$ cat input.cif   # mmCIF, C-alpha atoms
data_data
loop_
_atom_site.label_atom_id
_atom_site.label_comp_id
_atom_site.auth_asym_id
_atom_site.auth_seq_id
_atom_site.Cartn_x
_atom_site.Cartn_y
_atom_site.Cartn_z
CA MET A 20 0.00 0.00 0.00
CA GLU A 21 1.33 3.41 -0.97
CA GLY A 22 1.94 6.05 1.68
CA GLY A 23 -0.92 8.17 0.32
CA GLU A 24 -3.39 5.30 0.48
CA ARG A 25 -2.20 4.45 3.95
CA ALA A 26 -2.78 7.99 5.14
CA GLU A 27 -6.16 8.01 3.39
CA LEU A 28 -7.15 4.78 5.19
CA ARG A 29 -6.12 6.35 8.48
CA ARG A 30 -8.31 9.39 7.78
CA LEU A 31 -11.24 7.19 6.77
CA MET A 32 -10.97 5.03 9.90
CA GLU A 33 -10.75 8.18 12.01
CA ARG A 34 -13.96 9.45 10.40
CA LEU A 35 -15.65 6.08 10.97
CA ALA A 36 -14.58 6.11 14.63
CA ASP A 37 -16.25 9.50 14.90
CA GLY A 38 -19.47 8.13 13.38
CA ASP A 39 -19.16 9.49 9.83
CA ARG A 40 -20.94 6.75 7.83
CA SER A 41 -19.96 8.29 4.47
CA ALA A 42 -16.42 6.98 5.06
CA PHE A 43 -17.62 3.39 5.14
CA ARG A 44 -17.57 2.46 1.45
CA PRO A 45 -14.17 4.00 0.64
CA ALA A 46 -12.68 2.38 3.77
CA PHE A 47 -14.12 -0.98 2.69
CA ALA A 48 -12.73 -0.54 -0.84
CA LEU A 49 -9.25 0.18 0.52
CA LEU A 50 -9.18 -2.46 3.23
CA TRP A 51 -10.76 -5.54 1.70
CA PRO A 52 -8.18 -6.30 -1.05
CA ARG A 53 -5.30 -5.80 1.41
CA LEU A 54 -6.81 -7.99 4.09
CA ARG A 55 -7.64 -10.72 1.58
CA ALA A 56 -4.13 -10.70 0.09
CA PHE A 57 -2.59 -10.78 3.57
CA ALA A 58 -4.80 -13.60 4.85
CA VAL A 59 -4.41 -15.74 1.72
CA ARG A 60 -0.64 -15.34 1.95
CA TYR A 61 -0.53 -16.35 5.63
CA ALA A 62 -3.32 -18.89 5.97
CA GLY A 63 -3.38 -20.42 2.49
CA ALA A 64 -6.01 -20.07 -0.19
CA ALA A 65 -8.62 -22.27 1.52
CA ASP A 66 -8.65 -20.67 4.97
CA GLY A 67 -7.36 -17.28 3.86
CA GLU A 68 -10.60 -16.12 2.23
CA ASP A 69 -12.69 -17.04 5.30
CA ALA A 70 -10.13 -15.57 7.68
CA ALA A 71 -10.06 -12.35 5.65
CA GLN A 72 -13.87 -12.05 5.77
CA HIS A 73 -13.89 -12.59 9.53
CA ALA A 74 -11.06 -10.09 9.93
CA LEU A 75 -12.89 -7.48 7.84
CA VAL A 76 -16.10 -7.85 9.85
CA SER A 77 -14.05 -7.71 13.06
CA VAL A 78 -12.21 -4.57 11.92
CA PHE A 79 -15.48 -2.75 11.16
CA SER A 80 -17.05 -4.03 14.35
CA ARG A 81 -14.24 -2.34 16.28
CA ALA A 82 -14.01 0.74 14.03
CA GLY A 83 -15.82 2.81 16.66
CA GLU A 84 -12.91 2.19 19.05
CA TYR A 85 -10.14 2.92 16.53
CA ASP A 86 -7.45 5.11 18.04
CA PRO A 87 -6.42 7.74 15.45
CA GLY A 88 -2.89 7.70 16.90
CA ARG A 89 -2.34 4.20 15.49
CA ASP A 90 -1.65 3.17 11.93
CA ALA A 91 -4.96 1.90 10.53
CA LEU A 92 -3.44 -0.70 8.19
CA ALA A 93 -1.15 -2.17 10.86
CA TRP A 94 -4.11 -2.31 13.24
CA ALA A 95 -6.27 -4.10 10.66
CA LEU A 96 -3.48 -6.52 9.74
CA GLY A 97 -2.96 -7.31 13.42
CA ILE A 98 -6.62 -8.36 13.59
CA ALA A 99 -6.22 -10.37 10.36
CA ALA A 100 -3.16 -12.17 11.80
CA TRP A 101 -5.22 -13.11 14.84
CA GLU A 102 -8.03 -14.45 12.63
CA CYS A 103 -5.53 -16.47 10.57
CA ARG A 104 -4.22 -18.02 13.76
CA THR A 105 -7.74 -18.82 14.92
CA PHE A 106 -8.53 -20.52 11.60
CA ARG A 107 -5.29 -22.47 11.74
CA ARG A 108 -6.16 -23.73 15.23
CA LYS A 109 -9.66 -24.70 14.12
CA ARG A 110 -8.21 -26.60 11.16
CA GLU A 111 -5.78 -28.41 13.46
CA ARG A 112 -8.64 -29.37 15.76
CA ARG A 113 -10.63 -30.63 12.77
CA LYS A 114 -7.64 -32.67 11.66
CA GLU A 115 -7.28 -34.17 15.11
CA ALA A 116 -10.96 -35.02 15.20
CA VAL A 117 -11.16 -36.54 11.74
CA GLY A 118 -7.77 -38.20 11.70
CA ALA A 119 -5.04 -37.82 9.13
CA VAL A 120 -6.89 -36.39 6.14
CA PRO A 121 -4.75 -35.56 3.10
CA GLU A 122 -4.46 -31.83 2.90
CA GLN A 123 -4.56 -29.61 -0.15
CA LEU A 124 -1.11 -28.16 -0.69
CA ASP A 125 -0.33 -24.54 -1.39
CA LEU A 126 1.36 -23.69 -4.65
CA GLY A 127 5.09 -24.26 -4.49
CA PRO A 128 7.96 -25.46 -6.57
CA THR A 129 7.65 -29.04 -5.29
CA PRO A 130 5.20 -30.77 -2.94
CA GLU A 131 7.96 -31.19 -0.35
CA GLN A 132 8.94 -27.54 -0.52
CA ALA A 133 5.29 -26.47 -0.25
CA ALA A 134 4.84 -28.65 2.83
CA ILE A 135 7.99 -27.22 4.44
CA ASP A 136 6.84 -23.67 3.66
CA ARG A 137 3.43 -24.37 5.12
CA ASP A 138 4.88 -25.87 8.29
CA LEU A 139 7.20 -22.93 8.71
CA ARG A 140 4.38 -20.47 8.16
CA ASP A 141 2.15 -22.29 10.66
CA ALA A 142 4.97 -22.40 13.20
CA ALA A 143 5.62 -18.67 12.71
CA LEU A 144 1.92 -17.87 13.12
CA ALA A 145 1.80 -19.99 16.27
CA ALA A 146 4.78 -18.11 17.70
CA ILE A 147 3.22 -14.76 16.71
CA GLY A 148 0.03 -15.86 18.41
CA THR A 149 1.82 -16.05 21.76
CA LEU A 150 2.99 -12.44 21.48
CA ARG A 151 1.14 -9.42 22.79
CA PRO A 152 -1.29 -7.91 20.23
CA PHE A 153 0.90 -4.82 19.83
CA ASP A 154 3.93 -6.96 18.86
CA ALA A 155 1.80 -9.18 16.59
CA GLU A 156 0.48 -6.05 14.91
CA THR A 157 4.01 -4.74 14.37
CA ILE A 158 5.17 -8.00 12.79
CA ALA A 159 2.02 -8.11 10.64
CA ALA A 160 2.73 -4.59 9.44
CA LEU A 161 6.32 -5.54 8.66
CA ALA A 162 5.20 -8.65 6.78
CA ALA A 163 2.76 -6.54 4.78
CA GLY A 164 5.67 -4.44 3.54
CA ASP A 165 5.40 -1.58 6.02
CA ARG A 166 8.67 0.30 6.14
CA THR A 167 7.50 3.38 8.01
CA PRO A 168 10.55 5.60 8.39
CA GLY A 169 11.51 6.75 11.86
CA ALA A 170 13.26 5.50 14.95
CA THR A 171 10.03 4.74 16.84
CA PHE A 172 8.83 2.18 14.33
CA ARG A 173 12.34 0.71 13.99
CA LYS A 174 12.53 0.18 17.74
CA ARG A 175 9.03 -1.31 17.78
CA VAL A 176 10.14 -3.75 15.08
CA GLN A 177 13.36 -4.62 16.95
CA ARG A 178 11.47 -5.31 20.18
CA ALA A 179 8.72 -7.28 18.44
CA LEU A 180 11.28 -9.41 16.54
CA ALA A 181 13.29 -10.02 19.72
CA ARG A 182 10.14 -11.27 21.49
CA PHE A 183 9.26 -13.32 18.43
CA ARG A 184 12.72 -15.00 18.51
CA THR A 185 12.29 -15.74 22.21
CA ALA A 186 8.85 -17.24 21.55
CA TRP A 187 10.26 -19.27 18.63
CA ARG A 188 13.15 -20.65 20.73
CA ALA A 189 10.77 -21.53 23.54
CA ARG A 190 8.78 -23.67 21.10
CA HIS A 191 11.47 -25.01 18.77
CA GLY A 192 14.82 -24.54 20.50
CA ASN A 193 17.53 -23.08 18.29
CA GLU A 194 16.36 -24.62 15.02
CA MET B 45 -18.88 -4.73 -7.24
CA ALA B 46 -19.33 -8.53 -7.28
CA THR B 47 -22.26 -10.15 -5.45
CA ASN B 48 -19.96 -11.66 -2.82
CA ASP B 49 -18.41 -8.29 -2.14
CA ARG B 50 -21.85 -6.69 -1.84
CA VAL B 51 -22.88 -9.33 0.71
CA LEU B 52 -19.62 -8.79 2.59
CA LEU B 53 -20.13 -5.02 2.48
CA ALA B 54 -23.59 -5.45 4.06
CA ARG B 55 -22.15 -7.78 6.73
CA ALA B 56 -19.36 -5.34 7.51
CA ARG B 57 -21.83 -2.46 7.71
CA ARG B 58 -24.04 -4.39 10.13
CA ALA B 59 -20.98 -5.25 12.24
CA TYR B 60 -19.98 -1.57 12.28
CA GLU B 61 -23.43 -0.43 13.46
CA LEU B 62 -23.62 -3.17 16.11
CA GLY B 63 -20.09 -2.34 17.26
CA ARG B 64 -21.06 1.32 17.68
CA LEU B 65 -24.16 0.33 19.66
CA ARG B 66 -22.05 -1.95 21.88
CA SER B 67 -19.59 0.88 22.53
CA ALA B 68 -22.43 3.30 23.26
CA LEU B 69 -24.00 0.92 25.77
CA ARG B 70 -20.75 0.82 27.75
CA MET B 71 -21.66 4.17 29.30
CA ALA B 72 -24.97 2.79 30.64
CA PRO B 73 -23.56 2.24 34.18
CA PHE B 74 -23.13 5.99 34.61
CA PRO B 75 -26.84 6.98 34.33
CA LEU B 76 -27.72 3.93 36.40
CA ALA B 77 -25.27 5.01 39.09
CA ALA B 78 -26.70 8.54 38.99
CA ALA B 79 -30.20 7.08 39.42
CA LEU B 80 -29.00 4.97 42.35
CA VAL B 81 -27.53 8.06 44.02
CA ALA B 82 -30.80 9.95 43.50
CA LEU B 83 -32.84 7.07 44.93
CA THR B 84 -30.49 6.77 47.91
CA ALA B 85 -31.00 10.48 48.57
CA GLY B 86 -34.74 9.88 48.69
CA ARG B 87 -35.94 10.92 45.21
CA PRO B 88 -39.23 9.28 44.13
CA PRO B 89 -38.63 6.00 42.22
CA ALA B 90 -41.12 6.65 39.38
CA LEU B 91 -39.75 10.09 38.54
CA THR B 92 -36.16 8.88 38.87
CA ALA B 93 -36.87 5.92 36.56
CA ALA B 94 -38.46 8.19 33.95
CA LEU B 95 -35.56 10.67 34.01
CA THR B 96 -33.01 7.84 33.89
CA CYS B 97 -34.72 6.37 30.81
CA VAL B 98 -34.55 9.77 29.08
CA LEU B 99 -30.89 10.17 30.05
CA LEU B 100 -30.01 6.65 28.89
CA ALA B 101 -31.82 7.09 25.56
CA LEU B 102 -30.14 10.44 24.90
CA ALA B 103 -26.64 9.33 25.86
CA VAL B 104 -26.74 5.98 24.02
CA GLY B 105 -28.41 7.59 20.99
CA PHE B 106 -25.85 10.40 20.76
CA LEU B 107 -22.89 8.06 21.26
CA TYR B 108 -24.24 5.61 18.66
CA ARG B 109 -24.85 8.39 16.15
CA GLY B 110 -21.37 9.82 16.77
CA GLY B 111 -20.03 13.12 15.48
CA ILE B 112 -20.55 16.31 17.46
CA ALA B 113 -23.45 14.90 19.48
CA GLY B 114 -21.35 11.87 20.45
CA ARG B 115 -18.48 14.07 21.60
CA ALA B 116 -20.92 16.10 23.71
CA VAL B 117 -21.96 13.15 25.89
CA GLY B 118 -18.85 13.13 28.13
CA PRO B 119 -18.90 16.86 28.93
CA GLY B 120 -22.70 16.73 29.28
CA LEU B 121 -22.50 13.95 31.86
CA LEU B 122 -19.71 15.73 33.73
CA ALA B 123 -21.69 18.97 33.76
CA GLY B 124 -24.86 17.14 34.83
CA THR B 125 -23.02 15.46 37.68
CA ALA B 126 -22.31 18.89 39.19
CA ALA B 127 -25.97 19.85 38.92
CA LEU B 128 -26.99 16.48 40.36
CA ALA B 129 -24.53 16.58 43.24
CA MET B 130 -25.26 20.05 44.63
CA PRO B 131 -28.90 19.56 45.78
CA LEU B 132 -28.31 15.94 46.81
CA LEU B 133 -25.28 16.89 48.93
CA MET B 134 -27.35 19.60 50.51
CA ALA B 135 -30.13 17.13 51.29
CA THR B 136 -27.63 14.57 52.61
CA PHE B 137 -26.09 17.08 54.99
CA GLY B 138 -29.30 17.50 56.92
CA HIS B 139 -31.37 20.23 55.31
CA ALA B 140 -35.04 19.33 55.90
CA CYS B 141 -36.67 19.39 52.49
CA PHE B 142 -40.43 19.47 52.86
CA GLY B 143 -42.74 21.91 51.07
CA PRO B 144 -41.59 25.56 51.02
CA ALA B 145 -38.50 24.68 53.08
CA CYS B 146 -37.07 23.07 49.95
CA LEU B 147 -36.94 26.42 48.19
CA LYS B 148 -34.85 27.90 50.98
CA LEU B 149 -31.65 26.01 50.16
CA GLY B 150 -32.70 23.56 47.43
CA LEU B 151 -33.31 26.20 44.80
CA PRO B 152 -30.01 28.05 45.28
CA ALA B 153 -28.20 24.71 45.24
CA CYS B 154 -29.83 23.85 41.90
CA VAL B 155 -28.96 27.26 40.45
CA ALA B 156 -25.36 26.90 41.62
CA GLY B 157 -25.16 23.35 40.19
CA GLY B 158 -26.63 24.59 36.92
CA ALA B 159 -24.11 27.42 36.77
CA LEU B 160 -21.26 24.97 37.25
CA ALA B 161 -22.77 22.79 34.51
CA GLY B 162 -23.04 25.78 32.17
CA PHE B 163 -19.39 26.66 32.77
CA VAL B 164 -18.26 23.07 32.04
CA ILE B 165 -20.34 22.86 28.85
CA ALA B 166 -19.18 26.25 27.58
CA ARG B 167 -15.52 25.40 28.16
CA ALA B 168 -15.90 22.11 26.29
CA ALA B 169 -17.93 23.76 23.50
CA ALA B 170 -15.18 26.31 22.91
CA ARG B 171 -13.06 23.50 21.44
CA GLU B 172 -15.79 22.35 19.03
CA GLN B 173 -16.94 23.73 15.67
CA PRO B 174 -19.82 24.44 15.25
CA HIS B 175 -20.74 25.21 18.87
CA LEU B 176 -24.51 25.17 18.72
CA ARG B 177 -25.14 21.47 18.12
CA PHE B 178 -22.54 20.53 20.69
CA VAL B 179 -24.05 22.87 23.28
CA ALA B 180 -27.58 21.59 22.58
CA ALA B 181 -26.54 17.92 22.94
CA ALA B 182 -24.41 18.50 26.06
CA ALA B 183 -27.14 20.67 27.64
CA ALA B 184 -29.77 17.97 27.02
CA ILE B 185 -27.58 15.36 28.73
CA ALA B 186 -26.67 17.71 31.60
CA ALA B 187 -30.31 18.73 32.11
CA SER B 188 -31.44 15.10 32.28
CA THR B 189 -28.67 14.22 34.76
CA GLY B 190 -29.14 17.33 36.85
CA SER B 191 -32.92 16.89 36.99
CA LEU B 192 -32.38 13.63 38.89
CA GLY B 193 -31.24 15.79 41.80
CA CYS B 194 -32.91 19.15 41.17
CA THR B 195 -36.45 17.81 41.31
CA ILE B 196 -35.80 17.95 45.05
CA ALA B 197 -36.96 21.57 44.76
CA GLY B 198 -39.75 20.71 42.30
CA ALA B 199 -40.18 22.33 38.89
CA ALA B 200 -38.62 25.50 40.29
CA GLY B 201 -35.44 23.53 41.00
CA VAL B 202 -35.20 22.28 37.42
CA LEU B 203 -35.94 25.74 36.01
CA GLY B 204 -33.41 27.25 38.40
CA MET B 205 -30.79 24.75 37.25
CA LEU B 206 -31.49 25.61 33.60
CA ALA B 207 -31.34 29.32 34.35
CA GLY B 208 -28.01 28.84 36.11
CA THR B 209 -26.69 26.86 33.14
CA VAL B 210 -27.63 29.60 30.67
CA CYS B 211 -26.46 32.49 32.87
CA ALA B 212 -23.04 30.93 33.52
CA GLY B 213 -22.57 29.24 30.15
CA VAL B 214 -23.42 32.03 27.72
CA PRO B 215 -20.79 34.55 28.90
CA VAL B 216 -18.07 31.87 28.94
CA LEU B 217 -19.10 30.76 25.45
CA ILE B 218 -19.10 34.33 24.11
CA ALA B 219 -15.71 35.01 25.66
CA ALA B 220 -14.30 31.79 24.18
CA ARG B 221 -15.51 32.66 20.67
CA ARG B 222 -13.73 36.03 20.63
#

$ encode --input "input.cif" --output "structure tokens"
Amino acid sequence: MEGGERAELRRLMERLADGDRSAFRPAFALLWPRLRAFAVRYAGAADGEDAAQHALVSVFSRAGEYDPGRDALAWALGIAAWECRTFRRKRERRKEAVGAVPEQLDLGPTPEQAAIDRDLRDAALAAIGTLRPFDAETIAALAAGDRTPGATFRKRVQRALARFRTAWRARHGNE
Amino acid sequence: MATNDRVLLARARRAYELGRLRSALRMAPFPLAAALVALTAGRPPALTAALTCVLLALAVGFLYRGGIAGRAVGPGLLAGTAALAMPLLMATFGHACFGPACLKLGLPACVAGGALAGFVIARAAAREQPHLRFVAAAAAIAASTGSLGCTIAGAAGVLGMLAGTVCAGVPVLIAARR
């Protein structure tokens, strides 16, 4: 997302938080493609679409509480990351309940590589899920290509990544 | 826009409206607490219930709608608390309030509470553009809250509170606009 669009989304969410319903459609038009792309990338094509829809509804449900001091896209992506994690957990529970059902693989160079990528992505999402929402939101923003200039964001990223590494090591050792 | 997107848009819109209503309802404990205070101070239950319903409807409605009216709810409640507290404090500290005796201290207490409310509303309104809608919304909330206490002096108490609000609020508002 370009800087201009990002600022526009922030303005629109601020207007929505204040109760200006005319900002709804443009905010939807800006948010939906980004949330869908993000969720499909992180939860796979099958779960991604559903996770993105849940995330979108959740974002608008909480739009009245949006804090204008926060970046709207990072906030929305943080919610989407949470939804992706929820869908992943549900899928795991379904798998446990049904037994070992062959799973549809994501696109990848080889089936083995796709499976490795998927496992890594799931493991990363699981580790992100143990972080505080603020850190998860920062990592989601970074993953979405956010490179907001400034020392504050850089420090946020450093701290979030440090906590992510700690969470990763706690689950997987030093792999 | 594709059909799926239209359905999703409608779902998101419904979620937005419900989310706003949920947020607006979070302030419900305040009018209920004000009603409890009024009842504890001996205000009649039927009148207190009616005023609380009006206050709840106004506050939730304004917060749900949002915009200037929504921003006026906080200052309105704060201002109304002053108008509510003055006569009830007076009653709590032993002033016998029966018949004409109520007008002796009850009425001045309501006027003073109203003046304080007017000052609070005018100071908050000075930060808003345009002022008039903000003042009207905040005054409606403050009047409903204050009436919970000012009915202790009857209709004269409520009118006195409103007079105090106007007399103290207007000069502050005019001074702030210059």

$ resolve_selection --input "input.cif" --expression "the PyMOL selection byres ((chain B) within 12 of (chain A))" --output "ChimeraX atom specification"
/B:45,48-68,70,105-116

$ resolve_selection --input "input.cif" --expression "the PyMOL selection byres ((chain A and resi 108) around 12)" --output "list in words"
Ala62, Asp66, Ala70, Trp101, Glu102, Cys103, Arg104, Thr105, Phe106, Arg107, Lys109, Arg110, Glu111, Arg112, Arg113, Lys114, Glu115, Asp141, Ala142, Leu144, Ala145 and Gly148 of chain A

$ atom_distance --input "input.cif" --atom1 "CA of Ala82 (chain B)" --atom2 "CA of Ala212 (chain B)"
24.5 Å

$ resolve_selection --input "input.cif" --expression "the PyMOL selection byres ((chain B and resi 211) around 12)" --output "number ranges by chain"
B: 155-163, 166, 204-210, 212-218

$ residues_around --input "input.cif" --residues "Thr195 (chain B)" --least-positions-apart "2" --cutoff "12 Å" --atoms "only C-alpha atoms" --output "PyMOL selection string"
chain B and resi 82-83+85-88+91-92+95+127-128+130-132+135+141+146-147+150-151+153-154+187-193+197-205

$ write_last_selection --input "input.cif" --atoms "C-alpha atoms" --output "PDB file, keeping the file's coordinate frame"
ATOM      1  CA  ALA B  82     -30.800   9.950  43.500  1.00  0.00           C
ATOM      2  CA  LEU B  83     -32.840   7.070  44.930  1.00  0.00           C
ATOM      3  CA  ALA B  85     -31.000  10.480  48.570  1.00  0.00           C
ATOM      4  CA  GLY B  86     -34.740   9.880  48.690  1.00  0.00           C
ATOM      5  CA  ARG B  87     -35.940  10.920  45.210  1.00  0.00           C
ATOM      6  CA  PRO B  88     -39.230   9.280  44.130  1.00  0.00           C
ATOM      7  CA  LEU B  91     -39.750  10.090  38.540  1.00  0.00           C
ATOM      8  CA  THR B  92     -36.160   8.880  38.870  1.00  0.00           C
ATOM      9  CA  LEU B  95     -35.560  10.670  34.010  1.00  0.00           C
ATOM     10  CA  ALA B 127     -25.970  19.850  38.920  1.00  0.00           C
ATOM     11  CA  LEU B 128     -26.990  16.480  40.360  1.00  0.00           C
ATOM     12  CA  MET B 130     -25.260  20.050  44.630  1.00  0.00           C
ATOM     13  CA  PRO B 131     -28.900  19.560  45.780  1.00  0.00           C
ATOM     14  CA  LEU B 132     -28.310  15.940  46.810  1.00  0.00           C
ATOM     15  CA  ALA B 135     -30.130  17.130  51.290  1.00  0.00           C
ATOM     16  CA  CYS B 141     -36.670  19.390  52.490  1.00  0.00           C
ATOM     17  CA  CYS B 146     -37.070  23.070  49.950  1.00  0.00           C
ATOM     18  CA  LEU B 147     -36.940  26.420  48.190  1.00  0.00           C
ATOM     19  CA  GLY B 150     -32.700  23.560  47.430  1.00  0.00           C
ATOM     20  CA  LEU B 151     -33.310  26.200  44.800  1.00  0.00           C
ATOM     21  CA  ALA B 153     -28.200  24.710  45.240  1.00  0.00           C
ATOM     22  CA  CYS B 154     -29.830  23.850  41.900  1.00  0.00           C
ATOM     23  CA  ALA B 187     -30.310  18.730  32.110  1.00  0.00           C
ATOM     24  CA  SER B 188     -31.440  15.100  32.280  1.00  0.00           C
ATOM     25  CA  THR B 189     -28.670  14.220  34.760  1.00  0.00           C
ATOM     26  CA  GLY B 190     -29.140  17.330  36.850  1.00  0.00           C
ATOM     27  CA  SER B 191     -32.920  16.890  36.990  1.00  0.00           C
ATOM     28  CA  LEU B 192     -32.380  13.630  38.890  1.00  0.00           C
ATOM     29  CA  GLY B 193     -31.240  15.790  41.800  1.00  0.00           C
ATOM     30  CA  ALA B 197     -36.960  21.570  44.760  1.00  0.00           C
ATOM     31  CA  GLY B 198     -39.750  20.710  42.300  1.00  0.00           C
ATOM     32  CA  ALA B 199     -40.180  22.330  38.890  1.00  0.00           C
ATOM     33  CA  ALA B 200     -38.620  25.500  40.290  1.00  0.00           C
ATOM     34  CA  GLY B 201     -35.440  23.530  41.000  1.00  0.00           C
ATOM     35  CA  VAL B 202     -35.200  22.280  37.420  1.00  0.00           C
ATOM     36  CA  LEU B 203     -35.940  25.740  36.010  1.00  0.00           C
ATOM     37  CA  GLY B 204     -33.410  27.250  38.400  1.00  0.00           C
ATOM     38  CA  MET B 205     -30.790  24.750  37.250  1.00  0.00           C
TER      39      MET B 205
END

$ axis_aligned_box --input "input.cif" --around "region 170-181 of chain B" --padding-each-side "8 Å" --output "lines of an AutoDock Vina configuration file"
center_x = -20.3
center_y = 22.1
center_z = 19.3
size_x = 30.5
size_y = 24.4
size_z = 24.0

$ atom_distance --input "input.cif" --atom1 "CA of Val176 (chain A)" --atom2 "CA of Asp154 (chain A)"
7.9 Å

$ residues_around --input "input.cif" --residues "Ala183 (chain B)" --least-positions-apart "3" --cutoff "8 Å" --atoms "all atoms listed in the file" --output "PyMOL selection string"
chain B and resi 120+162+165+179-180+186-187

$ closest_residue --input "input.cif" --among "A:Ala58, A:Ala26, A:Ala186, A:Val117" --to "Ile147 (chain A)" --atoms "only C-alpha atoms"
A:Ala186

$ atom_distance --input "input.cif" --atom1 "CA of Leu99 (chain B)" --atom2 "CA of Ala184 (chain B)"
8.4 Å

$ closest_residue --input "input.cif" --among "B:Ala93, B:Leu149, B:Val117, B:Leu133" --to "Phe178 (chain B)" --atoms "all atoms listed in the file"
B:Val117
